[in-house]
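Listing of input_20.cif, mmCIF, C-alpha atoms and all ligand atoms
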data_entry
#
loop_
_atom_site.label_atom_id
_atom_site.label_comp_id
_atom_site.auth_asym_id
_atom_site.auth_seq_id
_atom_site.Cartn_x
_atom_site.Cartn_y
_atom_site.Cartn_z
CA MET B 5 0.00 0.00 0.00
CA ALA B 6 2.92 2.30 0.68
CA ARG B 7 4.07 2.33 -2.93
CA LYS B 8 2.34 4.87 -5.02
CA ASN B 9 0.67 3.67 -8.14
CA PRO B 10 2.12 5.74 -11.03
CA MET B 11 -1.25 5.63 -12.78
CA GLU B 12 -2.73 7.57 -9.91
CA THR B 13 -0.44 10.48 -10.59
CA ILE B 14 -1.40 10.52 -14.23
CA GLY B 15 -5.06 10.33 -13.31
CA HIS B 16 -4.57 13.27 -11.00
CA SER B 17 -2.98 15.60 -13.51
CA ARG B 18 -5.71 14.80 -16.01
CA GLU B 19 -8.31 15.60 -13.48
CA ALA B 20 -6.68 18.92 -12.75
CA LYS B 21 -6.95 19.80 -16.44
CA VAL B 22 -10.59 18.82 -16.62
CA SER B 23 -11.47 20.88 -13.57
CA THR B 24 -10.45 24.15 -15.26
CA PRO B 25 -12.25 24.06 -18.60
CA THR B 26 -12.05 27.00 -20.97
CA PRO B 27 -15.06 29.28 -20.97
CA ARG B 28 -16.98 29.29 -24.21
CA LEU B 29 -17.30 33.07 -24.00
CA GLU B 30 -15.15 35.42 -22.00
CA ILE B 31 -15.33 39.20 -22.11
CA ARG B 32 -12.80 41.26 -20.22
CA ASN B 33 -13.16 44.89 -19.21
CA LEU B 34 -15.38 45.95 -22.09
CA ARG B 35 -16.04 49.66 -22.40
CA ARG B 36 -18.08 51.73 -24.81
CA ARG B 37 -18.59 55.45 -24.59
CA PHE B 38 -21.27 57.43 -26.44
CA GLY B 39 -20.73 61.19 -26.16
CA ASP B 40 -19.60 61.79 -22.60
CA ARG B 41 -21.28 58.71 -21.13
CA ASP B 42 -19.77 55.30 -20.43
CA VAL B 43 -22.70 53.28 -21.67
CA VAL B 44 -20.79 50.05 -21.02
CA ASP B 45 -18.35 50.55 -18.19
CA ASP B 46 -15.80 47.82 -17.52
CA VAL B 47 -17.96 44.77 -18.07
CA SER B 48 -16.43 41.31 -17.60
CA LEU B 49 -18.24 37.97 -17.91
CA THR B 50 -17.55 34.31 -18.58
CA ILE B 51 -20.00 31.70 -19.82
CA MET B 52 -19.37 27.95 -20.02
CA PRO B 53 -20.75 25.73 -22.80
CA GLY B 54 -24.34 24.69 -22.14
CA HIS B 55 -24.85 27.52 -19.68
CA VAL B 56 -27.30 30.39 -19.83
CA THR B 57 -26.33 33.77 -18.42
CA CYS B 58 -28.91 36.53 -18.30
CA LEU B 59 -27.82 40.12 -18.51
CA LEU B 60 -30.59 41.71 -16.50
CA GLY B 61 -31.16 45.41 -16.00
CA PRO B 62 -33.49 48.33 -16.65
CA SER B 63 -33.94 49.78 -20.10
CA GLY B 64 -30.98 51.92 -21.18
CA CYS B 65 -28.40 50.34 -18.84
CA GLY B 66 -26.20 49.12 -21.70
CA LYS B 67 -27.32 45.51 -22.24
CA SER B 68 -27.84 45.66 -26.00
CA THR B 69 -24.63 47.58 -26.52
CA THR B 70 -22.73 44.83 -24.68
CA LEU B 71 -24.38 42.18 -26.85
CA ARG B 72 -23.65 44.11 -30.04
CA MET B 73 -19.96 44.31 -29.19
CA ILE B 74 -19.81 40.55 -28.64
CA ALA B 75 -21.63 40.00 -31.95
CA GLY B 76 -19.09 42.28 -33.62
CA VAL B 77 -21.53 44.84 -34.97
CA GLU B 78 -20.38 47.45 -32.47
CA MET B 79 -16.74 48.18 -31.67
CA GLN B 80 -15.61 48.51 -28.05
CA ASP B 81 -13.37 51.40 -26.95
CA SER B 82 -11.39 48.96 -24.84
CA GLY B 83 -11.50 45.40 -23.56
CA GLU B 84 -11.23 41.96 -25.10
CA ILE B 85 -13.56 39.20 -26.23
CA TYR B 86 -12.50 35.53 -26.27
CA VAL B 87 -14.33 32.53 -27.70
CA ASP B 88 -13.08 29.12 -26.50
CA GLY B 89 -9.95 30.83 -25.26
CA ASP B 90 -9.12 32.45 -28.60
CA LEU B 91 -9.05 36.21 -28.96
CA VAL B 92 -11.88 37.34 -31.22
CA CYS B 93 -11.63 41.05 -30.75
CA ASP B 94 -9.64 43.70 -28.94
CA THR B 95 -9.05 47.28 -29.98
CA VAL B 96 -6.50 46.30 -32.66
CA PHE B 97 -7.46 42.81 -33.81
CA ARG B 98 -10.98 42.02 -34.95
CA ILE B 99 -12.60 38.92 -36.42
CA PRO B 100 -15.65 39.97 -38.50
CA PRO B 101 -19.12 39.06 -37.17
CA GLU B 102 -19.80 36.32 -39.72
CA ARG B 103 -16.69 34.39 -38.64
CA ARG B 104 -17.39 34.45 -34.89
CA HIS B 105 -19.69 31.37 -34.83
CA ILE B 106 -22.31 33.35 -32.99
CA GLY B 107 -26.06 32.89 -33.36
CA LEU B 108 -28.26 35.92 -32.93
CA MET B 109 -31.86 36.27 -31.93
CA PHE B 110 -33.70 39.50 -31.38
CA GLN B 111 -37.23 40.53 -30.61
CA ASP B 112 -37.98 41.51 -34.19
CA PHE B 113 -36.57 38.31 -35.67
CA ALA B 114 -37.79 38.41 -39.26
CA LEU B 115 -38.15 35.16 -41.14
CA PHE B 116 -37.68 35.43 -44.90
CA PRO B 117 -41.29 35.63 -46.11
CA HIS B 118 -40.58 34.34 -49.61
CA MET B 119 -38.80 31.20 -48.37
CA SER B 120 -40.27 27.99 -47.00
CA VAL B 121 -39.65 27.02 -43.38
CA ALA B 122 -37.05 24.50 -44.58
CA ASP B 123 -35.19 27.13 -46.60
CA ASN B 124 -35.36 29.62 -43.73
CA VAL B 125 -33.77 27.14 -41.34
CA ALA B 126 -31.19 26.01 -43.92
CA PHE B 127 -30.24 29.60 -44.76
CA GLY B 128 -26.94 29.80 -42.87
CA LEU B 129 -25.99 26.14 -43.39
CA LYS B 130 -23.05 24.83 -45.34
CA GLY B 131 -22.65 21.32 -46.78
CA SER B 132 -24.45 19.04 -49.21
CA LYS B 133 -28.17 19.21 -49.85
CA ASP B 134 -28.68 16.00 -47.87
CA GLU B 135 -26.66 17.17 -44.91
CA LYS B 136 -28.62 20.41 -44.78
CA ARG B 137 -31.92 18.58 -45.03
CA THR B 138 -30.95 16.22 -42.18
CA ARG B 139 -30.07 19.09 -39.89
CA VAL B 140 -33.23 21.02 -40.77
CA GLU B 141 -35.41 17.98 -40.08
CA GLU B 142 -33.63 17.24 -36.81
CA LEU B 143 -34.18 20.75 -35.51
CA LEU B 144 -37.78 21.07 -36.65
CA ARG B 145 -38.57 17.78 -34.91
CA LYS B 146 -36.96 19.11 -31.74
CA VAL B 147 -39.37 22.04 -31.63
CA GLY B 148 -42.35 20.02 -32.83
CA LEU B 149 -42.68 21.79 -36.16
CA TYR B 150 -41.64 19.11 -38.59
CA ARG B 151 -45.14 19.20 -40.10
CA ALA B 152 -44.55 22.84 -41.13
CA ILE B 153 -41.38 22.10 -43.08
CA ASP B 154 -42.85 23.06 -46.46
CA GLU B 155 -45.05 25.90 -45.23
CA PHE B 156 -44.35 29.58 -45.68
CA PRO B 157 -43.87 31.71 -42.56
CA HIS B 158 -47.10 33.72 -42.90
CA VAL B 159 -49.30 30.67 -42.22
CA LEU B 160 -47.62 30.09 -38.86
CA SER B 161 -48.59 31.63 -35.52
CA GLY B 162 -46.32 34.10 -33.72
CA GLY B 163 -45.08 31.41 -31.37
CA GLU B 164 -44.34 29.02 -34.22
CA GLN B 165 -42.45 31.70 -36.12
CA GLN B 166 -40.44 32.34 -32.98
CA ARG B 167 -39.45 28.68 -32.78
CA ILE B 168 -38.45 28.68 -36.45
CA ALA B 169 -36.28 31.73 -35.82
CA LEU B 170 -34.66 29.92 -32.90
CA VAL B 171 -33.77 26.84 -34.90
CA ARG B 172 -32.61 28.98 -37.83
CA ALA B 173 -30.13 30.65 -35.47
CA LEU B 174 -29.10 27.27 -34.02
CA ALA B 175 -28.81 25.41 -37.34
CA PRO B 176 -25.11 26.22 -38.02
CA ARG B 177 -24.25 25.03 -34.48
CA PRO B 178 -23.13 28.41 -33.17
CA ARG B 179 -20.69 28.30 -30.29
CA ILE B 180 -22.57 31.14 -28.63
CA MET B 181 -26.17 32.32 -28.82
CA LEU B 182 -26.85 35.98 -28.17
CA MET B 183 -30.50 36.73 -27.50
CA ASP B 184 -31.79 40.25 -27.04
CA GLU B 185 -35.25 40.34 -25.40
CA PRO B 186 -36.33 37.57 -27.78
CA PHE B 187 -39.64 36.85 -26.06
CA SER B 188 -40.98 40.35 -25.51
CA GLY B 189 -43.12 40.28 -28.66
CA LEU B 190 -45.10 37.26 -27.46
CA ASP B 191 -48.18 37.26 -25.30
CA ASN B 192 -47.87 36.10 -21.70
CA ARG B 193 -49.17 32.54 -21.64
CA LEU B 194 -47.45 31.59 -24.87
CA ARG B 195 -44.25 33.12 -23.62
CA ASP B 196 -43.82 30.78 -20.66
CA ASP B 197 -44.10 27.70 -22.87
CA ILE B 198 -41.74 29.09 -25.49
CA ARG B 199 -39.20 30.07 -22.85
CA ASP B 200 -39.15 26.56 -21.40
CA GLU B 201 -38.93 24.94 -24.79
CA THR B 202 -36.22 27.32 -25.98
CA LEU B 203 -34.23 26.55 -22.87
CA SER B 204 -34.36 22.80 -23.39
CA VAL B 205 -33.32 23.13 -27.05
CA LEU B 206 -30.43 25.43 -26.12
CA LYS B 207 -29.26 23.00 -23.43
CA GLU B 208 -29.33 20.08 -25.84
CA GLU B 209 -27.26 21.99 -28.37
CA ASP B 210 -24.65 22.73 -25.68
CA THR B 211 -24.16 26.31 -26.80
CA ALA B 212 -23.31 29.12 -24.38
CA VAL B 213 -26.17 31.58 -24.15
CA LEU B 214 -26.17 35.25 -23.25
CA LEU B 215 -29.75 36.38 -22.91
CA VAL B 216 -30.58 40.04 -22.43
CA THR B 217 -33.75 40.97 -20.60
CA HIS B 218 -35.25 43.69 -18.43
CA GLU B 219 -37.70 41.24 -16.85
CA PRO B 220 -36.61 39.61 -13.58
CA GLU B 221 -39.12 36.75 -13.97
CA GLU B 222 -37.65 35.87 -17.33
CA ALA B 223 -34.11 35.92 -15.97
CA MET B 224 -35.07 33.77 -12.98
CA ARG B 225 -36.82 31.28 -15.23
CA MET B 226 -34.08 30.99 -17.84
CA ALA B 227 -30.72 31.68 -16.23
CA ASP B 228 -28.08 29.51 -14.66
CA GLU B 229 -26.48 32.79 -13.73
CA ILE B 230 -27.79 36.34 -13.60
CA ALA B 231 -25.56 39.35 -14.19
CA LEU B 232 -27.36 42.34 -12.77
CA MET B 233 -26.51 45.46 -14.77
CA ARG B 234 -26.98 49.08 -13.75
CA ASP B 235 -25.67 52.24 -15.44
CA GLY B 236 -23.27 50.31 -17.66
CA ARG B 237 -21.80 48.13 -14.91
CA ILE B 238 -22.42 44.62 -13.67
CA VAL B 239 -23.19 45.21 -10.01
CA GLN B 240 -23.94 41.66 -8.92
CA GLN B 241 -23.56 38.24 -10.45
CA GLY B 242 -24.67 34.80 -9.35
CA ALA B 243 -27.29 32.06 -9.45
CA PRO B 244 -30.87 33.38 -9.48
CA TYR B 245 -31.40 32.00 -5.98
CA ASN B 246 -28.48 33.99 -4.61
CA ILE B 247 -29.34 37.20 -6.43
CA TYR B 248 -32.88 37.02 -5.08
CA ASN B 249 -32.01 35.95 -1.55
CA ALA B 250 -28.74 37.79 -1.00
CA PRO B 251 -29.20 41.04 -2.91
CA LEU B 252 -26.41 43.59 -3.01
CA ASP B 253 -28.42 46.64 -2.01
CA LYS B 254 -31.90 48.09 -1.71
CA ALA B 255 -32.11 48.75 -5.45
CA ALA B 256 -31.29 45.11 -6.18
CA VAL B 257 -34.19 44.03 -3.95
CA SER B 258 -36.60 46.48 -5.55
CA PHE B 259 -35.65 45.39 -9.05
CA PHE B 260 -37.25 42.01 -8.35
CA SER B 261 -40.30 43.04 -6.34
CA ASP B 262 -42.06 45.78 -4.44
CA ILE B 263 -40.32 46.51 -1.17
CA ASN B 264 -40.98 47.90 2.28
CA ALA B 265 -38.15 49.85 3.86
CA ILE B 266 -37.92 50.89 7.51
CA ARG B 267 -35.28 53.44 8.40
CA GLY B 268 -33.55 53.20 11.75
CA LYS B 269 -30.40 54.13 13.64
CA SER B 270 -27.96 51.47 14.75
CA GLN B 271 -26.78 51.50 18.36
CA GLY B 272 -24.59 48.76 19.78
CA ALA B 273 -25.15 46.61 16.67
CA LEU B 274 -28.92 46.77 17.19
CA THR B 275 -31.51 48.90 15.47
CA ASP B 276 -34.73 49.65 17.28
CA THR B 277 -37.88 49.99 15.13
CA PRO B 278 -41.66 49.75 15.58
CA PHE B 279 -41.19 46.07 14.60
CA GLY B 280 -38.73 45.47 17.43
CA HIS B 281 -34.97 45.19 17.39
CA PHE B 282 -32.99 44.07 14.38
CA LEU B 283 -29.41 42.86 14.50
CA THR B 284 -27.23 45.28 12.55
CA PRO B 285 -23.74 43.88 13.08
CA GLY B 286 -20.79 45.88 11.80
CA VAL B 287 -22.76 49.12 11.58
CA ALA B 288 -21.24 52.10 13.39
CA ASP B 289 -23.16 53.59 16.31
CA GLY B 290 -25.47 56.32 15.10
CA ALA B 291 -25.36 55.22 11.45
CA GLU B 292 -28.69 54.93 9.66
CA VAL B 293 -29.80 51.64 8.16
CA ASP B 294 -32.68 50.50 5.97
CA ILE B 295 -34.42 47.31 6.93
CA VAL B 296 -35.89 46.03 3.70
CA VAL B 297 -38.55 43.36 3.36
CA ARG B 298 -40.52 42.09 0.39
CA PRO B 299 -44.34 42.27 0.64
CA GLN B 300 -44.62 38.47 0.57
CA HIS B 301 -42.54 38.21 3.75
CA LEU B 302 -44.78 40.23 6.03
CA LYS B 303 -46.98 38.24 8.37
CA LEU B 304 -50.45 39.44 9.27
CA ASP B 305 -52.38 38.87 12.49
CA PHE B 306 -55.82 39.86 13.73
CA ASP B 307 -56.48 42.74 16.08
CA ARG B 308 -57.82 41.57 19.44
CA ALA B 309 -59.30 44.59 21.21
CA GLY B 310 -56.36 46.77 20.23
CA LYS B 311 -53.79 44.08 20.94
CA GLY B 312 -51.66 42.06 18.54
CA PRO B 313 -49.59 38.90 18.85
CA LEU B 314 -46.86 38.64 21.47
CA PRO B 315 -43.28 39.29 20.33
CA THR B 316 -41.25 36.26 19.23
CA MET B 317 -37.58 35.61 18.47
CA THR B 318 -38.25 34.85 14.81
CA ASP B 319 -40.77 37.58 14.02
CA GLY B 320 -39.95 40.36 16.50
CA THR B 321 -42.66 42.78 17.63
CA ALA B 322 -45.91 43.39 15.77
CA ALA B 323 -46.91 46.87 14.58
CA ARG B 324 -50.47 47.84 13.78
CA GLY B 325 -51.77 49.22 10.51
CA VAL B 326 -55.15 49.88 8.95
CA VAL B 327 -56.04 48.49 5.53
CA GLU B 328 -55.92 51.36 3.06
CA ARG B 329 -56.31 49.31 -0.11
CA ALA B 330 -56.78 45.63 -0.91
CA ARG B 331 -56.52 44.26 -4.43
CA PHE B 332 -57.35 40.77 -5.55
CA MET B 333 -54.80 39.55 -8.12
CA GLY B 334 -55.78 35.92 -8.74
CA ASN B 335 -53.16 33.84 -6.96
CA GLU B 336 -52.71 36.39 -4.23
CA SER B 337 -53.91 39.70 -2.84
CA LEU B 338 -51.95 42.88 -2.42
CA VAL B 339 -52.88 44.72 0.77
CA GLU B 340 -51.65 48.20 1.61
CA PHE B 341 -51.59 49.36 5.21
CA ARG B 342 -51.42 52.82 6.74
CA MET B 343 -49.21 52.21 9.76
CA ASP B 344 -50.31 53.58 13.15
CA TYR B 345 -46.79 54.51 14.24
CA ASP B 346 -46.01 57.11 11.57
CA GLY B 347 -48.71 57.02 8.89
CA SER B 348 -46.41 55.40 6.33
CA ILE B 349 -47.59 52.75 3.88
CA MET B 350 -46.56 49.08 4.07
CA LYS B 351 -47.41 46.56 1.37
CA ALA B 352 -48.16 42.90 2.04
CA ILE B 353 -48.86 40.09 -0.38
CA VAL B 354 -51.09 37.35 1.01
CA PRO B 355 -52.77 34.24 -0.44
CA ASN B 356 -56.00 35.13 -2.20
CA VAL B 357 -58.27 33.44 0.33
CA PHE B 358 -57.64 36.48 2.47
CA LEU B 359 -58.98 39.82 1.25
CA PRO B 360 -59.58 42.21 4.17
CA SER B 361 -61.87 45.18 3.70
CA VAL B 362 -60.65 48.76 3.81
CA GLY B 363 -60.45 50.15 7.34
CA THR B 364 -59.67 46.80 9.02
CA PRO B 365 -56.92 47.08 11.65
CA LEU B 366 -54.33 44.28 11.43
CA TRP B 367 -50.95 43.57 13.01
CA LEU B 368 -47.84 43.13 10.88
CA THR B 369 -44.62 41.32 11.73
CA ILE B 370 -41.38 40.97 9.81
CA ARG B 371 -39.71 37.59 9.59
CA ARG B 372 -36.16 38.10 10.78
CA ASP B 373 -34.78 35.51 8.35
CA ARG B 374 -36.35 37.18 5.32
CA CYS B 375 -35.35 40.82 5.76
CA PHE B 376 -32.26 42.61 4.50
CA VAL B 377 -30.27 45.31 6.27
CA PHE B 378 -28.41 47.92 4.22
CA PRO B 379 -26.64 51.16 5.12
CA ALA B 380 -29.07 54.01 4.38
CA LYS B 381 -28.07 55.78 1.18
CA ASP B 382 -30.47 58.66 0.53
N1 LIG D 1 -25.19 54.28 -31.37
C1 LIG D 1 -25.48 54.99 -30.26
N2 LIG D 1 -25.20 56.28 -30.17
C2 LIG D 1 -25.46 57.00 -29.05
N3 LIG D 1 -26.04 56.48 -27.96
C3 LIG D 1 -26.36 55.19 -27.98
C4 LIG D 1 -26.12 54.35 -29.13
N4 LIG D 1 -26.52 53.10 -28.85
C5 LIG D 1 -27.01 53.15 -27.60
N5 LIG D 1 -26.92 54.38 -27.07
C6 LIG D 1 -27.34 54.77 -25.72
O1 LIG D 1 -26.70 53.94 -24.80
C7 LIG D 1 -27.54 53.63 -23.71
C8 LIG D 1 -27.63 52.13 -23.53
O2 LIG D 1 -28.31 51.60 -24.64
P1 LIG D 1 -28.62 50.05 -24.78
O3 LIG D 1 -27.34 49.31 -24.75
O4 LIG D 1 -29.47 49.89 -25.98
O5 LIG D 1 -29.44 49.76 -23.45
P2 LIG D 1 -30.42 48.55 -23.07
O6 LIG D 1 -30.29 47.50 -24.11
O7 LIG D 1 -29.94 48.12 -21.71
O8 LIG D 1 -31.79 49.12 -22.99
C9 LIG D 1 -28.88 54.30 -24.01
O9 LIG D 1 -28.94 55.49 -23.27
C10 LIG D 1 -28.82 54.55 -25.48
O10 LIG D 1 -29.57 55.68 -25.80
MG MG D 2 -31.82 46.76 -25.41
#
Please re-express this file's structure in structure tokens.
Amino acid sequence: MARKNPMETIGHSREAKVSTPTPRLEIRNLRRRFGDRDVVDDVSLTIMPGHVTCLLGPSGCGKSTTLRMIAGVEMQDSGEIYVDGDLVCDTVFRIPPERRHIGLMFQDFALFPHMSVADNVAFGLKGSKDEKRTRVEELLRKVGLYRAIDEFPHVLSGGEQQRIALVRALAPRPRIMLMDEPFSGLDNRLRDDIRDETLSVLKEEDTAVLLVTHEPEEAMRMADEIALMRDGRIVQQGAPYNIYNAPLDKAAVSFFSDINAIRGKSQGALTDTPFGHFLTPGVADGAEVDIVVRPQHLKLDFDRAGKGPLPTMTDGTAARGVVERARFMGNESLVEFRMDYDGSIMKAIVPNVFLPSVGTPLWLTIRRDRCFVFPAKD
């Protein structure tokens, strides 16, 4: 047993190589300035094959510009782009868009109206007629549209056209798919199905996907990783679960949902509020903090002759509010309270079986494990 098996050493070094695979797409320190504004400001990202990264941010934050630089239709002022470890573009060297092996899909994907579905999908393909036909058939089967192979685009529904556009982009086996708000032209119910189907086709093709969207639900549904973008910069990056549950700041919370924020002053690593004490470790004495909680994480309790529930470790102290507005939204209700302690408004989301009438007094508590504490900024 003491002698080392030489094969083990070999096995080890191989493993070390496998554990650091080359990203399919890597962008380093990309910048683009329009006028006096850094529209894309030092953006870096890596995406592995078969992975979907969503660039998520409000309109105008620089998402499309980033995508256009990767596609090669916009030139960066500085920074580099690598595909499978090879330099594709820096400020001196530049491979033209058509040689980057990148598939593109945008909201206003236009199919060629004068070509059949088969010809549309085969458009970017090289090879013999048979090879092209095989690939076209394979892809159309994957999205359940083989029956439409000889149709013209105008006889297909919006959702079907969308799927054809997807397989047209995927047909030449692009190493990277860039998708810019590709689902925003579709109506809601259709969109969920198409998103799921698109995702499974993309995963099967093992391409790296960079999907741009301003919709948090879309990013959460599609992404392995979300890159949250704001004013030209990526401010936070991670799995959807982490972005949602460990947000960087108040703005990152409010990008995903409505929020309630309670301002307080930290003293001895504790902040006293109408909802009881909150732990605020690492905050200097006298510094202001915001305690932020999403509407779905408020708990409601009935008023019993002016009294609420007793304080607990997990939920702190209850504060009373009076229902100002209650809206039924199908799966849930949104209830707005005017709080007794300072007249401010708090929003709670509750299951739809509960729709209190305006003027009802109720007691609110904040789950300690579901609130966020940030230094007050404004
Ligand atoms: N060619 C251009 N010339 C000048 N300004 C531009 C150009 N392209 C984009 N912009 C500006 O850059 C900002 C970011 O645009 P864009 O990348 O399209 O944002 P997003 O896709 O996140 O909505 C916007 O304010 C837009 O007006
Ligand atoms: Mg855009």
- Message: Please identify all protein, DNA and RNA residues within 10 Å of ligand LIG 1 (chain D), counting all atoms listed in the file, and report them as a PyMOL selection string.
- Response: chain B and resi 36-44+59-73+78+184-185+216-218+233-236
- Query: Suppose you want the space between atom CA of B:Ser120 and atom CA of B:Glu155; what is it in Å?
  - Reply: 5.5 Å
- Task: To one decimal in Å, tell me the separation between atom CA of B:Gly242 and atom CA of B:Arg179.
- Result: 22.3 Å
- Shell around stretch 281-283 of chain B at 9 Å using all atoms listed in the file, local window under 2 positions removed, as a count of residues only: 14
- Task: Tell me, in Å to one decimal, how far atom CA of B:Val297 is from atom CA of B:Ala309.
- Result: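 Between atom CA of B:Val297 and atom CA of B:Ala309 the gap is 27.4 Å.
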- Item | For B:Thr57: contacts at 9 Å, all atoms listed in the file, fewer than 4 positions along chain excluded, given as a ChimeraX atom specification | /B:50-51,212-216,223,226-231
- Query: Within 12 Å of (-44.0, 47.8, -2.8), all atoms listed in the file: residues as a ChimeraX atom specification?
  - Reply: /B:257-265,296-302,338-341,349-353
- Task: Choose the residue, out of B:Thr138, B:Ser188, B:Cys93, B:Leu29, that has the smallest atom-to-atom separation from ligand MG 2 (chain D); count all atoms listed in the file.
- Result: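 Ranking B:Thr138, B:Ser188, B:Cys93, B:Leu29 by distance to ligand MG 2 (chain D), first place goes to B:Ser188.
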So that all listed atoms of stretch 137-151 of chain B fit with 8 Å spare on each side, what axis-aligned box centre and edge lengths in Å, to one decimal, would you give as lines of an AutoDock Vina configuration file?
center_x = -37.6
center_y = 19.1
center_z = -38.3
size_x = 31.1
size_y = 21.8
size_z = 29.4
- With distances taken over all atoms listed in the file, which of B:Glu221, B:Gly268, B:Asp200, B:Pro176 is nearest to B:Phe127? B:Pro176
- List the neighbours of B:Gly89 out to 8 Å using all atoms listed in the file; skip same-chain residues closer than 6 positions along the sequence, and give me the result as number ranges by chain. B: 26-30
- Message: Show me, as a PyMOL selection string, the residues that have an atom within 9 Å of stretch 128-130 of chain B when counting only C-alpha atoms, minus same-chain residues fewer than 3 positions from it.
- Response: chain B and resi 124-125+133+135-136+139+172-173+175-176
- Task: Counting only C-alpha atoms, select every polymer residue within 12 Å of (-47.5, 33.9, -26.3) as defined in the file's coordinates, and provide the selection as a ChimeraX atom specification.
- Result: /B:161-167,186-199
C-alpha atoms of the current selection, written as a PDB file, keeping the file's coordinate frame:
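So again.pdb came out as:
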ATOM      1  CA  SER B 161     -48.590  31.630 -35.520  1.00  0.00           C
ATOM      2  CA  GLY B 162     -46.320  34.100 -33.720  1.00  0.00           C
ATOM      3  CA  GLY B 163     -45.080  31.410 -31.370  1.00  0.00           C
ATOM      4  CA  GLU B 164     -44.340  29.020 -34.220  1.00  0.00           C
ATOM      5  CA  GLN B 165     -42.450  31.700 -36.120  1.00  0.00           C
ATOM      6  CA  GLN B 166     -40.440  32.340 -32.980  1.00  0.00           C
ATOM      7  CA  ARG B 167     -39.450  28.680 -32.780  1.00  0.00           C
ATOM      8  CA  PRO B 186     -36.330  37.570 -27.780  1.00  0.00           C
ATOM      9  CA  PHE B 187     -39.640  36.850 -26.060  1.00  0.00           C
ATOM     10  CA  SER B 188     -40.980  40.350 -25.510  1.00  0.00           C
ATOM     11  CA  GLY B 189     -43.120  40.280 -28.660  1.00  0.00           C
ATOM     12  CA  LEU B 190     -45.100  37.260 -27.460  1.00  0.00           C
ATOM     13  CA  ASP B 191     -48.180  37.260 -25.300  1.00  0.00           C
ATOM     14  CA  ASN B 192     -47.870  36.100 -21.700  1.00  0.00           C
ATOM     15  CA  ARG B 193     -49.170  32.540 -21.640  1.00  0.00           C
ATOM     16  CA  LEU B 194     -47.450  31.590 -24.870  1.00  0.00           C
ATOM     17  CA  ARG B 195     -44.250  33.120 -23.620  1.00  0.00           C
ATOM     18  CA  ASP B 196     -43.820  30.780 -20.660  1.00  0.00           C
ATOM     19  CA  ASP B 197     -44.100  27.700 -22.870  1.00  0.00           C
ATOM     20  CA  ILE B 198     -41.740  29.090 -25.490  1.00  0.00           C
ATOM     21  CA  ARG B 199     -39.200  30.070 -22.850  1.00  0.00           C
TER      22      ARG B 199
END
- Message: I need the residue nearest ligand MG 2 (chain D) from this list: B:Pro178, B:Phe116, B:Leu368, B:Glu219. Use all atoms listed in the file for the distance.
- Response: B:Glu219
- Task: Rank B:Arg308, B:Phe378, B:Ile266, B:Gln271 by their smallest atom-to-atom distance to B:Gly290, using only C-alpha atoms, and report the top residue only.
- Result: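 Answer, going by the shortest atom-to-atom distance: B:Gln271.
Considering all atoms listed in the file, the residue among B:Ala291, B:Ser204, B:Gln111, B:Pro53 positioned nearest to ligand MG 2 (chain D) is B:Gln111.
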Since the input has fewer atoms than a full residue there, write stretch 107-117 of chain B out with N, CA and C atoms, as a PDB file, in the frame of the given file.
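Written out: part07.pdb:
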ATOM      1  N   GLY B 107     -24.676  32.834 -32.901  1.00  0.00           N
ATOM      2  CA  GLY B 107     -26.060  32.890 -33.360  1.00  0.00           C
ATOM      3  C   GLY B 107     -26.751  34.069 -32.705  1.00  0.00           C
ATOM      4  N   LEU B 108     -27.594  34.732 -33.463  1.00  0.00           N
ATOM      5  CA  LEU B 108     -28.260  35.920 -32.930  1.00  0.00           C
ATOM      6  C   LEU B 108     -29.770  35.749 -32.963  1.00  0.00           C
ATOM      7  N   MET B 109     -30.416  36.253 -31.920  1.00  0.00           N
ATOM      8  CA  MET B 109     -31.860  36.270 -31.930  1.00  0.00           C
ATOM      9  C   MET B 109     -32.365  37.517 -31.227  1.00  0.00           C
ATOM     10  N   PHE B 110     -33.177  38.265 -31.938  1.00  0.00           N
ATOM     11  CA  PHE B 110     -33.700  39.500 -31.380  1.00  0.00           C
ATOM     12  C   PHE B 110     -35.216  39.455 -31.346  1.00  0.00           C
ATOM     13  N   GLN B 111     -35.780  40.469 -30.728  1.00  0.00           N
ATOM     14  CA  GLN B 111     -37.230  40.530 -30.610  1.00  0.00           C
ATOM     15  C   GLN B 111     -37.897  40.549 -31.976  1.00  0.00           C
ATOM     16  N   ASP B 112     -37.377  41.396 -32.854  1.00  0.00           N
ATOM     17  CA  ASP B 112     -37.980  41.510 -34.190  1.00  0.00           C
ATOM     18  C   ASP B 112     -37.220  40.615 -35.173  1.00  0.00           C
ATOM     19  N   PHE B 113     -37.131  39.334 -34.803  1.00  0.00           N
ATOM     20  CA  PHE B 113     -36.570  38.310 -35.670  1.00  0.00           C
ATOM     21  C   PHE B 113     -37.419  38.268 -36.913  1.00  0.00           C
ATOM     22  N   ALA B 114     -36.938  38.550 -38.095  1.00  0.00           N
ATOM     23  CA  ALA B 114     -37.790  38.410 -39.260  1.00  0.00           C
ATOM     24  C   ALA B 114     -37.412  37.136 -39.998  1.00  0.00           C
ATOM     25  N   LEU B 115     -38.403  36.302 -40.250  1.00  0.00           N
ATOM     26  CA  LEU B 115     -38.150  35.160 -41.140  1.00  0.00           C
ATOM     27  C   LEU B 115     -38.233  35.687 -42.570  1.00  0.00           C
ATOM     28  N   PHE B 116     -37.581  34.992 -43.510  1.00  0.00           N
ATOM     29  CA  PHE B 116     -37.680  35.430 -44.900  1.00  0.00           C
ATOM     30  C   PHE B 116     -39.037  35.007 -45.438  1.00  0.00           C
ATOM     31  N   PRO B 117     -39.900  35.964 -45.785  1.00  0.00           N
ATOM     32  CA  PRO B 117     -41.290  35.630 -46.110  1.00  0.00           C
ATOM     33  C   PRO B 117     -41.436  34.840 -47.417  1.00  0.00           C
TER      34      PRO B 117
END
